[in-house]
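Before any comments, here is the structure.
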Amino acid sequence: MQRMIQSFRERMTFYIFFAVLFLVGVVFGALMVNALSLEQQQDLGRYLNNFFITVNQMSGSGTAATIASFWDIVALHLKWVAIIWVCGLSVIGLPGILVLNFLKGALIGFSVGFLVGQYSWKGLLFALVSIAPHNLLVIPALLVCSVAAMNFSIQMIKDSVFMPGRSNGFLRPFTSYSLVTASMIVLLIGSACFETWVTPVMMQWTTPMLTALLKI
């Protein structure tokens, strides 16, 4: 435990940097809502209306459909983490890590911003139960993966410049880097479980208010 705390303190600058980058992405995504044309807003509004009707009428998904949804969510998380992991293996991939964190923030900011813009405080309530809960696990996991990737890449640069003759310098940091990524994958699988079995129930609590607001 102390080792984890020490590691966090040593990489505090990286965590702050990625957290700020993510928040900038959130703000950018929220502002992008205002850039949508009226036609685009109407199309998205109709899509959400149909989505709310579907959620409101669901009495429960079949087991096979639920499991399939779970694996789809897991696959999405794995792809995201895998890209970060691969980007961390080279200096060229560092900009990719930055882009992924910014993009994640922008996607969340756009989703929340559009819901609030369309449905006011009820849209915010829906965002709190449908977007926020599982992302409380997803976002820290991706931040940890990103920091580990950047730290590994920088460490490899230092080793190649200052200790070029070191033959076994790659294995230990690579193992540590991969273990951190694997542990975050476990956390993301837990988040996928929550998103699959708990989030839909929470969404069903709030969609009646939205359907009533829309007079559906």
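Each chain in the structure tokens gets a letter, A, B, ..., in the order shown, and its residues are numbered from 1; ligands are numbered from 1 in order too.
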
If you take only C-alpha atoms and a cut-off of 10 Å, which residues of region 101-136 of chain A touch region 1-21 of chain A, and what are their nearest atom pairs and distances in Å to one decimal, in chain and number order, as CSV?
residue,atom,partner,partner_atom,distance
A:Asn101,CA,A:Leu21,CA,6.9
A:Phe102,CA,A:Leu21,CA,5.8
A:Leu103,CA,A:Leu21,CA,9.6
A:Lys104,CA,A:Leu21,CA,10.0
A:Gly105,CA,A:Leu21,CA,8.1

Any chance you could export the current selection's C-alpha atoms as a PDB file, in the first residue's frame?
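Ended up saving to selection31.pdb:
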ATOM      1  CA  ASN A 101      -7.773  11.437 -22.780  1.00  0.00           C
ATOM      2  CA  PHE A 102      -8.990  14.638 -24.384  1.00  0.00           C
ATOM      3  CA  LEU A 103     -11.417  12.682 -26.575  1.00  0.00           C
ATOM      4  CA  LYS A 104     -12.834  10.786 -23.589  1.00  0.00           C
ATOM      5  CA  GLY A 105     -13.497  14.054 -21.803  1.00  0.00           C
TER       6      GLY A 105
END

Residue contacts of region 76-84 of chain A (9 Å, only C-alpha atoms) excluding same-chain residues fewer than 6 positions away, as a list in words: Gly93, Leu94, Gly96, Ile97, Leu100, Val138, Leu142, Cys145, Ser146, Ala149, Thr181, Met184, Ile185, Leu188, Ile189 and Ala192 of chain A

Nearest candidate to Val116 (chain A) (options A:Val186, A:Ser178, A:Val33, A:Phe51; using only C-alpha atoms): A:Val33

Leu128 (chain A): which residues within 12 Å, counting only C-alpha atoms, same-chain residues fewer than 2 positions away excluded, as an mmCIF file with C-alpha atoms, in the first residue's frame?
data_model
loop_
_atom_site.group_PDB
_atom_site.id
_atom_site.type_symbol
_atom_site.label_atom_id
_atom_site.label_comp_id
_atom_site.auth_asym_id
_atom_site.auth_seq_id
_atom_site.Cartn_x
_atom_site.Cartn_y
_atom_site.Cartn_z
ATOM 1 C CA ILE A 108 -18.631 12.856 -21.789
ATOM 2 C CA SER A 111 -23.286 13.876 -23.782
ATOM 3 C CA VAL A 112 -23.959 15.704 -20.528
ATOM 4 C CA GLY A 113 -24.102 19.093 -22.223
ATOM 5 C CA LEU A 115 -28.876 16.307 -22.139
ATOM 6 C CA VAL A 116 -28.820 19.414 -19.962
ATOM 7 C CA TRP A 121 -32.343 19.731 -14.663
ATOM 8 C CA LYS A 122 -34.131 16.510 -15.640
ATOM 9 C CA GLY A 123 -31.488 15.957 -18.287
ATOM 10 C CA LEU A 124 -28.834 16.518 -15.639
ATOM 11 C CA LEU A 125 -30.538 13.970 -13.395
ATOM 12 C CA PHE A 126 -30.586 11.449 -16.229
ATOM 13 C CA SER A 130 -26.739 6.987 -16.769
ATOM 14 C CA ILE A 131 -23.299 8.499 -17.410
ATOM 15 C CA ALA A 132 -21.689 9.435 -14.105
ATOM 16 C CA PRO A 133 -21.767 6.233 -11.966
ATOM 17 C CA HIS A 134 -19.721 3.822 -14.092
ATOM 18 C CA ASN A 135 -17.436 6.635 -15.269
ATOM 19 C CA LEU A 136 -16.397 7.148 -11.646
ATOM 20 C CA THR A 199 -27.263 1.510 -14.729
ATOM 21 C CA MET A 202 -31.305 3.541 -12.455
ATOM 22 C CA MET A 203 -32.210 4.856 -15.904
ATOM 23 C CA TRP A 205 -36.211 5.444 -12.443
ATOM 24 C CA THR A 206 -35.681 8.727 -14.299
#

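If only C-alpha atoms are the atoms counted, then among A:Trp71, A:Glu195, A:Gly25, A:Ala148 the closest residue to Leu179 (chain A) is A:Ala148.
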
Coordinates-based distance that separates CA of Gly109 (chain A) from CA of Phe28 (chain A) (Å, one decimal): 7.1 Å

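The residue that comes closest to Leu98 (chain A), out of A:Phe52, A:Phe22, A:Pro173, A:Met156 and on the basis of only C-alpha atoms, is A:Phe22.
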
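The gap separating CA of Ile139 (chain A) from CA of Arg172 (chain A) is 26.6 Å, in Å to one decimal.
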
Selection near Met32 (chain A), 10 Å with only C-alpha atoms, sequence-local residues under 5 positions removed, as a list in words: Val26, Val27, Ala106, Leu107, Gly109, Phe110, Gly113 and Phe114 of chain A

Store the residues picked out above in a file with all heavy atoms, as an mmCIF file, in the first residue's frame.
data_model
loop_
_atom_site.group_PDB
_atom_site.id
_atom_site.type_symbol
_atom_site.label_atom_id
_atom_site.label_comp_id
_atom_site.auth_asym_id
_atom_site.auth_seq_id
_atom_site.Cartn_x
_atom_site.Cartn_y
_atom_site.Cartn_z
ATOM 1 N N VAL A 26 -13.775 17.833 -21.460
ATOM 2 C CA VAL A 26 -15.177 17.914 -21.018
ATOM 3 C C VAL A 26 -15.771 19.271 -21.394
ATOM 4 O O VAL A 26 -16.886 19.354 -21.940
ATOM 5 C CB VAL A 26 -15.282 17.690 -19.498
ATOM 6 C CG1 VAL A 26 -16.693 18.003 -19.011
ATOM 7 C CG2 VAL A 26 -14.917 16.251 -19.145
ATOM 8 N N VAL A 27 -15.030 20.344 -21.115
ATOM 9 C CA VAL A 27 -15.510 21.689 -21.438
ATOM 10 C C VAL A 27 -15.676 21.846 -22.949
ATOM 11 O O VAL A 27 -16.681 22.394 -23.434
ATOM 12 C CB VAL A 27 -14.536 22.750 -20.892
ATOM 13 C CG1 VAL A 27 -14.937 24.148 -21.361
ATOM 14 C CG2 VAL A 27 -14.496 22.692 -19.372
ATOM 15 N N ALA A 106 -14.154 14.909 -23.985
ATOM 16 C CA ALA A 106 -15.047 15.583 -24.922
ATOM 17 C C ALA A 106 -16.335 14.794 -25.121
ATOM 18 O O ALA A 106 -17.424 15.375 -25.199
ATOM 19 C CB ALA A 106 -14.340 15.784 -26.267
ATOM 20 N N LEU A 107 -16.232 13.468 -25.197
ATOM 21 C CA LEU A 107 -17.422 12.637 -25.373
ATOM 22 C C LEU A 107 -18.374 12.759 -24.186
ATOM 23 O O LEU A 107 -19.588 12.887 -24.356
ATOM 24 C CB LEU A 107 -17.007 11.174 -25.573
ATOM 25 C CG LEU A 107 -16.303 10.843 -26.892
ATOM 26 C CD1 LEU A 107 -15.792 9.412 -26.873
ATOM 27 C CD2 LEU A 107 -17.238 11.054 -28.072
ATOM 28 N N GLY A 109 -18.403 15.271 -21.970
ATOM 29 C CA GLY A 109 -18.890 16.643 -21.912
ATOM 30 C C GLY A 109 -20.005 16.900 -22.912
ATOM 31 O O GLY A 109 -20.993 17.573 -22.593
ATOM 32 N N PHE A 110 -19.867 16.348 -24.104
ATOM 33 C CA PHE A 110 -20.904 16.531 -25.125
ATOM 34 C C PHE A 110 -22.201 15.848 -24.698
ATOM 35 O O PHE A 110 -23.290 16.424 -24.836
ATOM 36 C CB PHE A 110 -20.427 15.966 -26.462
ATOM 37 C CG PHE A 110 -21.432 16.118 -27.569
ATOM 38 C CD1 PHE A 110 -21.497 17.288 -28.305
ATOM 39 C CD2 PHE A 110 -22.320 15.096 -27.866
ATOM 40 C CE1 PHE A 110 -22.429 17.437 -29.321
ATOM 41 C CE2 PHE A 110 -23.257 15.231 -28.876
ATOM 42 C CZ PHE A 110 -23.313 16.411 -29.612
ATOM 43 N N GLY A 113 -23.690 17.779 -21.760
ATOM 44 C CA GLY A 113 -24.102 19.093 -22.223
ATOM 45 C C GLY A 113 -25.365 19.043 -23.067
ATOM 46 O O GLY A 113 -26.244 19.901 -22.931
ATOM 47 N N PHE A 114 -25.470 18.029 -23.924
ATOM 48 C CA PHE A 114 -26.661 17.927 -24.765
ATOM 49 C C PHE A 114 -27.893 17.586 -23.939
ATOM 50 O O PHE A 114 -28.971 18.147 -24.146
ATOM 51 C CB PHE A 114 -26.452 16.871 -25.845
ATOM 52 C CG PHE A 114 -27.593 16.780 -26.821
ATOM 53 C CD1 PHE A 114 -27.718 17.713 -27.832
ATOM 54 C CD2 PHE A 114 -28.543 15.783 -26.710
ATOM 55 C CE1 PHE A 114 -28.782 17.649 -28.733
ATOM 56 C CE2 PHE A 114 -29.615 15.712 -27.592
ATOM 57 C CZ PHE A 114 -29.730 16.656 -28.613
#

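Distances to Leu187 (chain A) were evaluated for A:Gly45, A:Val74, A:Leu23, A:Ala35 using only C-alpha atoms, and the minimum falls at A:Val74.
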
For Thr196 (chain A), please output as a compact mmCIF listing (two decimals) with C-alpha atoms, in the first residue's frame all residues within 8 Å (counting only C-alpha atoms; exclusion window: fewer than 5 positions along the same chain).
# COMPACT_ATOMS: atom_id res chain seq x y z
CA THR A 66 -27.67 -8.64 -21.20
CA SER A 69 -24.22 -6.13 -23.87
CA PHE A 70 -21.76 -6.78 -21.05
